[in-house]
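Next up, coords_11.txt (compact mmCIF, C-alpha atoms):
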```txt
# COMPACT_ATOMS: atom_id res chain seq x y z
CA MET A 1 -33.19 -15.47 3.08
CA SER A 2 -30.18 -14.68 0.88
CA ILE A 3 -26.63 -14.50 2.21
CA ALA A 4 -26.60 -10.72 1.84
CA GLU A 5 -29.84 -10.47 3.80
CA GLN A 6 -28.42 -12.62 6.59
CA LEU A 7 -25.41 -10.33 6.82
CA ALA A 8 -27.61 -7.23 6.82
CA ARG A 9 -29.65 -8.63 9.69
CA ALA A 10 -26.46 -9.25 11.70
CA VAL A 11 -25.07 -5.71 11.31
CA PRO A 12 -26.87 -4.16 14.33
CA ARG A 13 -25.37 -6.87 16.52
CA ALA A 14 -21.97 -6.23 14.99
CA ARG A 15 -22.27 -2.50 15.73
CA GLU A 16 -22.99 -3.27 19.37
CA ASN A 17 -19.98 -5.57 19.58
CA ALA A 18 -17.60 -3.35 17.61
CA PRO A 19 -15.67 -2.26 20.74
CA ALA A 20 -14.27 -5.81 20.85
CA PHE A 21 -12.53 -4.99 17.57
CA ARG A 22 -11.16 -1.64 18.67
CA GLU A 23 -7.62 -2.76 19.47
CA THR A 24 -7.24 -4.28 16.00
CA ALA A 25 -8.90 -1.25 14.40
CA GLU A 26 -6.44 1.12 16.04
CA LYS A 27 -3.50 -1.00 14.87
CA LEU A 28 -4.90 -0.99 11.35
CA PHE A 29 -5.41 2.77 11.45
CA ILE A 30 -1.81 3.34 12.53
CA ASP A 31 -0.37 0.81 10.08
CA VAL A 32 -2.34 2.11 7.10
CA ALA A 33 -1.49 5.74 7.88
CA GLY A 34 2.22 4.98 8.10
CA LEU A 35 2.14 3.15 4.79
CA CYS A 36 0.34 6.08 3.16
CA VAL A 37 3.11 8.38 4.36
CA ALA A 38 5.85 5.98 3.25
CA ALA A 39 4.48 5.86 -0.30
CA ARG A 40 3.30 9.45 -0.65
CA LYS A 41 6.21 10.56 -2.88
CA SER A 42 6.28 7.41 -5.00
CA ASP A 43 5.60 7.62 -8.70
CA TYR A 44 2.49 5.45 -8.56
CA VAL A 45 0.86 7.49 -5.78
CA ILE A 46 1.66 10.73 -7.58
CA ALA A 47 0.04 9.27 -10.70
CA ALA A 48 -3.00 8.20 -8.67
CA ILE A 49 -3.61 11.60 -7.11
CA LYS A 50 -2.94 13.51 -10.34
CA SER A 51 -5.39 11.30 -12.20
CA TRP A 52 -8.26 12.08 -9.82
CA GLU A 53 -10.26 15.01 -11.11
CA SER A 54 -12.66 15.74 -8.27
CA GLY A 55 -11.73 17.82 -5.25
CA GLY A 56 -13.56 17.79 -1.94
CA ALA A 57 -13.15 17.79 1.81
CA CYS A 58 -11.49 14.42 2.37
CA THR A 59 -7.87 13.68 3.22
CA ALA A 60 -5.28 11.84 1.20
CA ILE A 61 -2.83 11.30 4.05
CA GLY A 62 0.39 13.23 3.53
CA HIS A 63 -0.92 15.30 0.61
CA GLY A 64 -2.00 18.92 0.71
CA ARG A 65 -4.76 18.52 -1.84
CA ALA A 66 -8.17 17.50 -0.47
CA LEU A 67 -10.29 15.15 -2.59
CA ASP A 68 -13.84 13.89 -2.74
CA SER A 69 -14.53 10.77 -0.68
CA ALA A 70 -13.99 8.34 -3.56
CA GLY A 71 -10.72 10.05 -4.47
CA ALA A 72 -9.37 9.99 -0.92
CA ALA A 73 -10.32 6.33 -0.61
CA PHE A 74 -8.65 5.54 -3.93
CA VAL A 75 -5.39 7.35 -3.19
CA ASN A 76 -5.08 6.13 0.41
CA GLY A 77 -5.95 2.56 -0.56
CA THR A 78 -3.41 2.60 -3.38
CA ALA A 79 -0.72 4.06 -1.12
CA ALA A 80 -1.44 1.68 1.76
CA HIS A 81 -1.03 -1.39 -0.43
CA GLY A 82 1.54 -0.06 -2.85
CA GLU A 83 4.61 -1.52 -1.14
CA ASP A 84 2.85 -4.76 -0.10
CA PHE A 85 3.71 -3.95 3.50
CA ASP A 86 0.10 -3.86 4.72
CA ASP A 87 -1.87 -6.31 6.84
CA THR A 88 -2.94 -9.75 5.67
CA PHE A 89 -5.17 -12.58 6.86
CA GLU A 90 -4.12 -16.17 7.34
CA GLY A 91 -6.70 -18.34 5.68
CA GLY A 92 -7.33 -15.88 2.87
CA PRO A 93 -4.92 -14.43 2.07
CA VAL A 94 -6.58 -11.04 1.80
CA HIS A 95 -5.58 -7.49 2.75
CA ALA A 96 -8.53 -5.99 4.60
CA GLY A 97 -7.07 -2.86 6.16
CA ALA A 98 -5.82 -1.25 2.96
CA VAL A 99 -9.36 -1.31 1.58
CA ILE A 100 -11.62 -0.80 4.57
CA VAL A 101 -9.73 1.85 6.53
CA PRO A 102 -9.44 4.25 3.56
CA ALA A 103 -13.08 3.71 2.54
CA VAL A 104 -14.52 4.27 6.01
CA LEU A 105 -12.25 7.20 6.87
CA ALA A 106 -13.21 8.93 3.63
CA ILE A 107 -16.95 8.56 4.19
CA ALA A 108 -16.53 9.54 7.84
CA GLU A 109 -14.80 12.78 6.85
CA ARG A 110 -17.36 13.52 4.15
CA GLU A 111 -20.34 12.92 6.40
CA LYS A 112 -18.68 14.21 9.59
CA LEU A 113 -19.34 10.92 11.36
CA ALA A 114 -18.62 10.16 14.98
CA GLY A 115 -15.63 7.96 15.73
CA ARG A 116 -17.85 5.15 17.04
CA ASP A 117 -19.53 4.95 13.61
CA ALA A 118 -16.15 4.76 11.92
CA LEU A 119 -15.13 1.98 14.31
CA ALA A 120 -18.31 0.04 13.51
CA GLY A 121 -17.71 0.46 9.79
CA ILE A 122 -14.10 -0.68 9.96
CA ALA A 123 -15.09 -3.66 12.13
CA VAL A 124 -17.91 -4.82 9.85
CA GLY A 125 -15.94 -4.22 6.66
CA CYS A 126 -12.82 -6.07 7.82
CA GLU A 127 -14.89 -8.91 9.19
CA LEU A 128 -16.73 -9.37 5.93
CA VAL A 129 -13.52 -9.32 3.88
CA CYS A 130 -11.80 -11.88 6.10
CA ARG A 131 -14.78 -14.20 6.37
CA SER A 132 -15.60 -14.00 2.68
CA SER A 133 -12.07 -15.17 1.85
CA LEU A 134 -12.86 -18.47 3.60
CA VAL A 135 -15.91 -19.35 1.50
CA ALA A 136 -13.92 -20.77 -1.43
CA PRO A 137 -10.24 -20.90 -0.41
CA LYS A 138 -7.68 -20.52 -3.22
CA ARG A 139 -10.38 -20.48 -5.88
CA ILE A 140 -10.32 -16.75 -6.58
CA HIS A 141 -6.56 -16.68 -7.15
CA LYS A 142 -6.80 -19.76 -9.37
CA ALA A 143 -9.48 -18.04 -11.43
CA GLY A 144 -7.03 -15.21 -12.11
CA PHE A 145 -8.41 -12.57 -9.74
CA HIS A 146 -6.91 -10.77 -6.77
CA PRO A 147 -8.99 -11.64 -3.67
CA THR A 148 -8.25 -8.30 -2.01
CA ALA A 149 -9.57 -6.47 -5.05
CA VAL A 150 -12.85 -8.32 -5.45
CA LEU A 151 -13.63 -9.26 -1.85
CA GLY A 152 -12.42 -5.84 -0.75
CA ALA A 153 -15.19 -4.18 -2.77
CA LEU A 154 -17.77 -6.21 -0.84
CA GLY A 155 -16.15 -5.31 2.46
CA ALA A 156 -15.90 -1.63 1.58
CA ALA A 157 -19.60 -1.47 0.73
CA ALA A 158 -20.48 -3.27 3.95
CA GLY A 159 -18.19 -1.09 6.04
CA VAL A 160 -19.40 2.19 4.57
CA ALA A 161 -23.05 1.11 4.83
CA SER A 162 -22.54 0.17 8.47
CA ALA A 163 -20.77 3.43 9.31
CA LEU A 164 -23.73 5.31 7.80
CA ARG A 165 -26.26 3.13 9.67
CA LEU A 166 -28.08 2.10 6.52
CA GLY A 167 -31.14 -0.12 6.88
CA GLU A 168 -31.23 -3.76 5.86
CA ARG A 169 -32.66 -3.17 2.40
CA GLN A 170 -30.10 -0.52 1.54
CA PHE A 171 -27.29 -2.69 2.91
CA VAL A 172 -28.38 -5.56 0.65
CA ASP A 173 -28.67 -3.23 -2.34
CA ALA A 174 -25.18 -1.86 -1.66
CA LEU A 175 -23.70 -5.37 -1.72
CA GLY A 176 -25.75 -6.18 -4.81
CA VAL A 177 -24.49 -3.10 -6.64
CA VAL A 178 -20.83 -3.42 -5.66
CA GLY A 179 -20.80 -6.99 -6.94
CA SER A 180 -20.95 -5.48 -10.43
CA MET A 181 -18.16 -3.03 -9.63
CA ALA A 182 -15.66 -5.53 -8.21
CA SER A 183 -12.60 -6.16 -10.37
CA GLY A 184 -8.89 -6.89 -10.29
CA ILE A 185 -6.90 -9.45 -12.29
CA ILE A 186 -3.44 -10.71 -11.33
CA GLU A 187 -1.63 -10.24 -14.63
CA TYR A 188 0.64 -7.75 -12.86
CA LEU A 189 2.65 -10.86 -12.00
CA ALA A 190 3.89 -11.14 -15.58
CA GLU A 191 6.22 -8.15 -15.44
CA GLY A 192 5.85 -6.31 -12.16
CA ALA A 193 3.26 -3.84 -13.44
CA TRP A 194 1.58 -1.45 -11.01
CA THR A 195 -2.05 -2.60 -11.18
CA LYS A 196 -2.04 -4.64 -7.97
CA ARG A 197 -1.12 -1.46 -6.12
CA MET A 198 -4.40 0.22 -7.09
CA HIS A 199 -6.66 -2.75 -6.33
CA PRO A 200 -7.47 -1.79 -2.70
CA GLY A 201 -8.00 1.85 -3.64
CA TRP A 202 -10.32 0.92 -6.48
CA ALA A 203 -12.26 -1.44 -4.21
CA ALA A 204 -12.53 1.25 -1.52
CA GLN A 205 -13.97 3.86 -3.87
CA ALA A 206 -16.30 1.27 -5.41
CA GLY A 207 -17.74 0.56 -1.98
CA ILE A 208 -18.50 4.25 -1.47
CA ARG A 209 -20.12 4.59 -4.88
CA ALA A 210 -22.23 1.48 -4.39
CA VAL A 211 -23.49 2.73 -1.03
CA ASP A 212 -24.33 6.14 -2.48
CA LEU A 213 -26.37 4.44 -5.20
CA ALA A 214 -28.16 2.23 -2.67
CA ARG A 215 -28.95 5.20 -0.41
CA HIS A 216 -30.76 6.81 -3.30
CA GLY A 217 -32.83 3.77 -4.16
CA PHE A 218 -30.70 1.90 -6.70
CA VAL A 219 -31.62 -1.80 -6.50
CA GLY A 220 -29.06 -4.61 -6.47
CA PRO A 221 -29.63 -8.39 -6.59
CA ARG A 222 -30.35 -9.98 -3.21
CA THR A 223 -28.52 -13.15 -4.26
CA VAL A 224 -25.40 -11.31 -5.39
CA LEU A 225 -23.11 -13.69 -3.52
CA GLU A 226 -24.56 -17.17 -3.98
CA GLY A 227 -26.73 -16.74 -7.07
CA THR A 228 -26.50 -18.75 -10.28
CA HIS A 229 -24.73 -15.82 -11.93
CA GLY A 230 -23.43 -14.34 -8.70
CA PHE A 231 -20.17 -13.08 -7.30
CA TYR A 232 -18.61 -16.42 -6.33
CA HIS A 233 -19.66 -18.02 -9.60
CA ALA A 234 -17.88 -15.22 -11.46
CA PHE A 235 -14.76 -14.82 -9.36
CA ALA A 236 -14.24 -18.29 -7.84
CA HIS A 237 -15.90 -20.46 -10.49
CA ILE A 238 -17.94 -22.34 -7.93
CA GLY A 239 -21.33 -23.74 -8.85
CA GLY A 240 -24.37 -21.55 -8.93
CA ASP A 241 -26.11 -22.99 -5.89
CA ALA A 242 -26.12 -22.27 -2.18
CA ALA A 243 -24.43 -25.58 -1.33
CA SER A 244 -21.31 -24.94 -3.42
CA GLY A 245 -19.49 -22.60 -1.00
CA ASP A 246 -18.72 -22.85 2.70
CA TRP A 247 -21.21 -20.11 3.53
CA ALA A 248 -21.16 -20.91 7.24
CA LYS A 249 -17.64 -19.46 7.37
CA LEU A 250 -19.17 -16.17 6.29
CA THR A 251 -22.43 -16.08 8.22
CA ASP A 252 -22.12 -18.14 11.41
CA GLY A 253 -21.41 -15.85 14.33
CA PHE A 254 -21.11 -12.76 12.14
CA GLY A 255 -21.18 -9.75 14.42
CA GLU A 256 -20.51 -11.85 17.52
CA GLU A 257 -17.17 -13.57 16.89
CA TRP A 258 -14.50 -11.32 15.39
CA VAL A 259 -12.54 -13.50 12.98
CA ALA A 260 -10.79 -10.34 11.80
CA ASN A 261 -9.10 -9.95 15.18
CA GLY A 262 -6.71 -12.51 13.70
CA ILE A 263 -5.49 -10.08 11.04
CA ALA A 264 -1.71 -10.30 10.65
CA PHE A 265 0.68 -7.36 10.36
CA LYS A 266 3.65 -7.80 8.07
CA PRO A 267 7.25 -7.41 9.25
CA TYR A 268 8.47 -7.28 5.62
CA ALA A 269 7.51 -5.26 2.54
CA CYS A 270 6.80 -8.20 0.23
CA GLY A 271 4.27 -10.88 -0.63
CA THR A 272 2.51 -12.50 2.31
CA MET A 273 3.67 -16.07 1.80
CA THR A 274 7.31 -15.04 1.31
CA GLN A 275 7.55 -13.69 4.86
CA PRO A 276 8.34 -16.92 6.77
CA TYR A 277 10.93 -17.80 4.11
CA VAL A 278 12.73 -14.51 4.75
CA ASP A 279 12.82 -15.34 8.46
CA CYS A 280 14.30 -18.76 7.72
CA ALA A 281 16.97 -17.24 5.47
CA ARG A 282 17.88 -14.67 8.10
CA ARG A 283 18.38 -17.36 10.72
CA LEU A 284 20.46 -19.50 8.37
CA ALA A 285 22.65 -16.51 7.57
CA GLN A 286 23.68 -16.47 11.24
CA ARG A 287 24.82 -20.09 10.99
CA ILE A 288 26.74 -20.18 7.71
CA ASP A 289 28.97 -18.15 5.44
CA VAL A 290 26.50 -17.06 2.76
CA THR A 291 29.26 -17.09 0.13
CA ASP A 292 29.51 -20.87 0.62
CA ILE A 293 25.93 -21.50 -0.60
CA ALA A 294 25.81 -23.81 -3.62
CA ASP A 295 22.06 -24.37 -3.81
CA VAL A 296 18.86 -23.43 -1.97
CA LEU A 297 15.70 -25.57 -1.89
CA CYS A 298 12.38 -24.49 -0.34
CA GLU A 299 9.38 -26.69 0.43
CA VAL A 300 6.23 -24.79 -0.52
CA GLY A 301 2.45 -25.03 -0.66
CA GLU A 302 1.08 -25.81 -4.11
CA GLY A 303 -1.30 -22.85 -3.95
CA THR A 304 1.57 -20.35 -3.83
CA VAL A 305 3.53 -21.59 -6.83
CA HIS A 306 1.76 -19.77 -9.65
CA ARG A 307 2.21 -16.38 -7.99
CA LEU A 308 5.55 -16.60 -6.17
CA TRP A 309 7.59 -19.28 -7.95
CA GLU A 310 6.64 -19.66 -11.60
CA PRO A 311 7.92 -19.17 -14.17
CA LEU A 312 10.96 -20.01 -12.08
CA ALA A 313 13.58 -18.41 -14.35
CA ALA A 314 11.67 -15.11 -14.25
CA LYS A 315 11.24 -15.27 -10.48
CA GLN A 316 14.95 -15.91 -10.05
CA GLN A 317 15.69 -12.75 -12.08
CA PRO A 318 12.79 -10.33 -11.42
CA PRO A 319 12.58 -7.54 -14.02
CA ASN A 320 12.14 -4.76 -11.48
CA ALA A 321 11.90 -4.08 -7.76
CA TYR A 322 8.13 -4.45 -7.57
CA ALA A 323 8.29 -7.86 -9.24
CA GLY A 324 10.85 -8.79 -6.61
CA LYS A 325 8.20 -8.48 -3.91
CA PHE A 326 6.40 -11.46 -5.47
CA SER A 327 9.51 -13.54 -6.07
CA THR A 328 10.34 -15.91 -3.24
CA PRO A 329 13.84 -16.48 -4.67
CA TYR A 330 14.59 -12.75 -4.52
CA CYS A 331 13.06 -12.34 -1.05
CA VAL A 332 15.06 -15.30 0.26
CA ALA A 333 18.22 -13.81 -1.21
CA ALA A 334 17.42 -10.51 0.52
CA GLY A 335 17.00 -12.33 3.81
CA PHE A 336 20.42 -13.95 3.40
CA LEU A 337 22.38 -10.95 2.16
CA LEU A 338 20.57 -7.89 3.57
CA GLY A 339 19.21 -9.39 6.77
CA HIS A 340 15.75 -7.98 6.02
CA ALA A 341 13.13 -7.50 3.32
CA GLY A 342 12.11 -3.97 4.21
CA LEU A 343 11.44 -1.06 1.90
CA ASP A 344 15.14 -0.60 1.09
CA ALA A 345 15.34 -4.17 -0.21
CA PHE A 346 12.98 -3.25 -3.04
CA THR A 347 14.59 -0.25 -4.69
CA GLU A 348 15.57 -0.52 -8.33
CA GLN A 349 19.19 -0.37 -7.27
CA SER A 350 18.73 -3.35 -4.94
CA ALA A 351 16.82 -5.31 -7.57
CA ARG A 352 19.80 -4.96 -9.95
CA ASP A 353 22.41 -5.89 -7.33
CA PRO A 354 24.58 -8.67 -8.81
CA ALA A 355 25.00 -10.47 -5.49
CA LEU A 356 21.26 -10.59 -4.83
CA ARG A 357 20.50 -11.76 -8.36
CA SER A 358 23.24 -14.39 -8.25
CA LEU A 359 21.92 -15.88 -5.03
CA ALA A 360 18.28 -15.68 -6.17
CA ALA A 361 19.25 -17.75 -9.21
CA LYS A 362 20.24 -20.58 -6.86
CA VAL A 363 16.84 -20.75 -5.11
CA ARG A 364 14.48 -23.54 -6.21
CA TYR A 365 11.34 -25.13 -4.79
CA VAL A 366 9.59 -28.44 -4.30
CA ILE A 367 5.91 -28.79 -3.54
CA ASP A 368 5.08 -30.18 -0.11
CA PRO A 369 1.72 -31.99 -0.48
CA ASN A 370 1.14 -31.68 3.27
CA ASN A 371 1.68 -27.93 3.43
CA PRO A 372 -1.27 -26.36 5.30
CA TYR A 373 -1.62 -23.31 3.02
CA PRO A 374 -3.83 -21.25 3.13
CA ASP A 375 -4.71 -22.04 6.75
CA GLU A 376 -1.11 -21.42 7.82
CA PHE A 377 1.71 -19.55 6.08
CA THR A 378 4.84 -21.64 6.68
CA GLY A 379 8.49 -21.31 5.73
CA HIS A 380 11.29 -23.72 4.87
CA VAL A 381 14.78 -23.07 3.49
CA ARG A 382 17.42 -25.77 3.00
CA VAL A 383 20.91 -24.79 1.84
CA ARG A 384 23.50 -27.07 0.32
CA LEU A 385 26.97 -25.71 0.90
CA LYS A 386 29.94 -26.05 -1.41
CA ASP A 387 31.42 -28.71 0.86
CA GLY A 388 28.25 -30.81 0.48
CA ARG A 389 26.74 -30.13 3.91
CA GLU A 390 23.00 -29.39 4.11
CA ILE A 391 21.46 -27.12 6.73
CA GLU A 392 17.82 -26.08 6.96
CA GLU A 393 15.41 -23.87 8.87
CA ARG A 394 11.65 -24.22 9.22
CA GLN A 395 8.95 -21.89 10.43
CA ALA A 396 5.46 -23.13 11.18
CA HIS A 397 3.71 -19.80 10.93
CA MET A 398 3.98 -16.21 9.79
CA ARG A 399 5.58 -13.84 12.25
CA GLY A 400 3.08 -11.05 12.80
CA GLY A 401 0.12 -13.44 12.66
CA VAL A 402 -2.04 -15.07 15.29
CA HIS A 403 0.74 -17.37 16.56
CA GLU A 404 3.34 -14.61 16.95
CA PRO A 405 1.57 -11.25 16.68
CA LEU A 406 3.30 -7.90 16.45
CA THR A 407 2.64 -5.82 19.55
CA ARG A 408 1.20 -2.31 19.58
CA ALA A 409 4.74 -1.09 20.22
CA ASP A 410 5.93 -3.04 17.16
CA ILE A 411 3.21 -1.46 15.03
CA GLU A 412 4.10 2.01 16.28
CA GLU A 413 7.80 1.47 15.57
CA LYS A 414 6.93 0.28 12.05
CA PHE A 415 4.78 3.42 11.70
CA ARG A 416 7.68 5.66 12.75
CA GLN A 417 10.04 4.01 10.29
CA ASN A 418 7.51 4.34 7.47
CA CYS A 419 6.95 8.00 8.32
CA ALA A 420 10.68 8.67 8.23
CA TYR A 421 10.91 6.87 4.89
CA GLY A 422 8.13 9.09 3.52
CA GLY A 423 9.65 12.33 4.80
CA TRP A 424 7.62 13.08 7.92
CA ASN A 425 9.64 14.37 10.84
CA PRO A 426 9.36 12.73 14.29
CA ALA A 427 7.03 15.46 15.55
CA GLN A 428 4.53 14.73 12.78
CA ALA A 429 4.64 11.03 13.57
CA ASP A 430 4.19 11.71 17.29
CA ARG A 431 1.18 13.93 16.59
CA PHE A 432 -0.53 11.17 14.65
CA LEU A 433 0.21 8.55 17.31
CA ALA A 434 -1.29 10.87 19.92
CA TYR A 435 -4.41 11.23 17.77
CA ALA A 436 -4.87 7.52 16.99
CA PRO A 437 -6.27 6.44 20.41
CA ARG A 438 -8.86 9.25 20.22
CA ALA A 439 -9.85 8.69 16.61
CA PHE A 440 -12.81 6.48 17.47
CA GLU A 441 -14.07 8.76 20.24
CA THR A 442 -14.47 12.06 18.38
CA ARG A 443 -15.68 13.25 15.00
CA VAL A 444 -13.32 11.96 12.32
CA ASP A 445 -11.16 14.75 10.90
CA LEU A 446 -7.79 13.97 9.27
CA GLY A 447 -7.27 17.46 7.87
CA CYS A 448 -4.19 18.15 9.98
CA PHE A 449 -2.44 15.16 8.41
CA ARG A 450 -2.52 16.48 4.85
```
Output the file's structure in the form of structure tokens.
Amino acid sequence: MSIAEQLARAVPRARENAPAFRETAEKLFIDVAGLCVAARKSDYVIAAIKSWESGGACTAIGHGRALDSAGAAFVNGTAAHGEDFDDTFEGGPVHAGAVIVPAVLAIAEREKLAGRDALAGIAVGCELVCRSSLVAPKRIHKAGFHPTAVLGALGAAAGVASALRLGERQFVDALGVVGSMASGIIEYLAEGAWTKRMHPGWAAQAGIRAVDLARHGFVGPRTVLEGTHGFYHAFAHIGGDAASGDWAKLTDGFGEEWVANGIAFKPYACGTMTQPYVDCARRLAQRIDVTDIADVLCEVGEGTVHRLWEPLAAKQQPPNAYAGKFSTPYCVAAGFLLGHAGLDAFTEQSARDPALRSLAAKVRYVIDPNNPYPDEFTGHVRVRLKDGREIEERQAHMRGGVHEPLTRADIEEKFRQNCAYGGWNPAQADRFLAYAPRAFETRVDLGCFR
């Protein structure tokens, strides 16, 4: 039995157990919606919605124009991930919510599904994304692909298929088909280009299209995941045999144990692994005069260097605000000087601020061979002051993750702030928060949030 077939067989059990994922699903729904509102007037979201030709009956949150299901999934997924403020998963890293929530909500609106079906789809999709990131840790990034983009396509297909109650054969075909639709390279890192922003949206719409093909009899390979020429061979460069990946991380307990309940919610609008470093810088700023800093050294995990630290000169002077989100030196400087790394830290004006750029230029790194990445996202910042003294802060985990989760109240406050940033008034935010607890109990209809 192939891996895809094992997953398909476990889906009915997962549907039965989906209520155990409801609390996380509601948090994801609220977080994703707030991020869609925050980004709705941004240039990249405007480009995304203008580029989509097809209209329909599905909601792009915060926009008056209704789209077809693939379009709504694409726009919402792009908006949710666009500021890199969305959820993440320790062990991946991968951003499940920005892919799965838009995909499932779009198909639920199109097909007028009950909330319980949407919940099941979000649960299965998020679980598959998170578990699949554990099969070959770090390998997808090292191969030059964005895990959220490629694994997200698998999860979107699984989530949409589960929401629609597809049979085992169609579920397998949907995974088989979407394996040939998955894409997303990480060359955006070179100059802060926009392509990473669209990765979750593209994955979400791919999942819908793959499921529609499978529903109408289009056949995909059963061994799409582990095959000789399969998904993990292509995107993680692991050998073409069933023993080459840690498949138990994907299949064992699927539908019974919700790994995705460990999804982390970000306190800052920047790259996942920068978050604990921002916390360390903020704490140090309370202990020193920041103007006395001569040098900053951070101990880091080797697996983060090629995305967040190198080339070092470019990371110390990011070319634009979006590039700053993936520059640990810039994010550390923001933590010191601004006291946060929220949305306002990543405007073009902030990215050009001489004080931020001067301090970022002082931030260097050294690889810690014992760093537990990707199992834990840690932080360390050591400052050398002009008088020669050295002071440091460490953080053993990401705030917002399993060790120090954000509460429902924290998520709702983040939602309110994002809504205000995107131009919704408090009454609009309150109306959505009143709807969120009922979303999985009634037929899904987001029309009043356009």
Item to check | Surrounding residues of A:Tyr435 excluding itself and chain neighbours under 3 positions, 12 Å, all atoms listed in the file, as number ranges by chain | outcome: A: 26, 29-30, 33, 115, 428-432, 438-446, 448-449
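Distances here use all atoms listed in the file; by that measure, the residue among A:Leu175, A:Ile208, A:Ile185, A:Val224 closest to A:Asp68 is A:Ile208.
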Item to check | Residue with smallest distance to A:Glu392 - pool A:Ala355, A:Cys331, A:Cys280, A:Ala345, counting all atoms listed in the file | outcome: A:Cys280
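Around the point (-24.4, 2.3, 10.7), within 9 Å and counting all atoms listed in the file, we find these residues: Val11, Pro12, Arg15, Asp117, Ala118, Ala120, Gly121, Gly159, Val160, Ala161, Ser162, Ala163, Leu164, Arg165, Leu166 and Gly167 of chain A.
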Checklist entry - Counting only C-alpha atoms, what is within 10 Å of A:Gly447, bar same-chain residues fewer than 2 positions away, as a ChimeraX atom specification? => result /A:57-64,66,109,444-445,449-450
Checklist entry - Of the candidates A:Arg215, A:Arg40, A:Arg307, A:Lys315, which one gets nearest to A:Glu83 if we count only C-alpha atoms? => result A:Arg40
So for stretch 37-41 of chain A, what box centre and size do we get, axis-aligned, 5 Å extra on each of the six sides, every listed atom, Å to one decimal, as JSON?
```
{"center_x": 4.7, "center_y": 8.2, "center_z": 0.7, "size_x": 13.1, "size_y": 14.7, "size_z": 17.2}
```
Next on the checklist: List the spatial neighbours of A:Gly77 as JSON, numbers by chain - criterion: any atom at most 6 Å away, only C-alpha atoms, same-chain residues fewer than 5 positions off excluded.
Outcome noted: {"A": [98, 99, 102, 200, 201]}
File of the preceding selection, C-alpha atoms, as an mmCIF file, in the frame of the given file:
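Wrote it out as result03.cif, contents follow:
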```cif
data_model
loop_
_atom_site.group_PDB
_atom_site.id
_atom_site.type_symbol
_atom_site.label_atom_id
_atom_site.label_comp_id
_atom_site.auth_asym_id
_atom_site.auth_seq_id
_atom_site.Cartn_x
_atom_site.Cartn_y
_atom_site.Cartn_z
ATOM 1 C CA ALA A 98 -5.820 -1.250 2.960
ATOM 2 C CA VAL A 99 -9.360 -1.310 1.580
ATOM 3 C CA PRO A 102 -9.440 4.250 3.560
ATOM 4 C CA PRO A 200 -7.470 -1.790 -2.700
ATOM 5 C CA GLY A 201 -8.000 1.850 -3.640
#
```
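Taking atom CA of A:Ala341 as the reference point, atom CA of A:Lys325 is found at 8.8 Å.
Nearest residue to A:Arg394 among A:Ala314, A:Ala10, A:Val363, A:Val278 is A:Val278, counting all atoms listed in the file.
Here atom CA of A:Pro147 stands at a distance of 15.5 Å from atom CA of A:Gly230.
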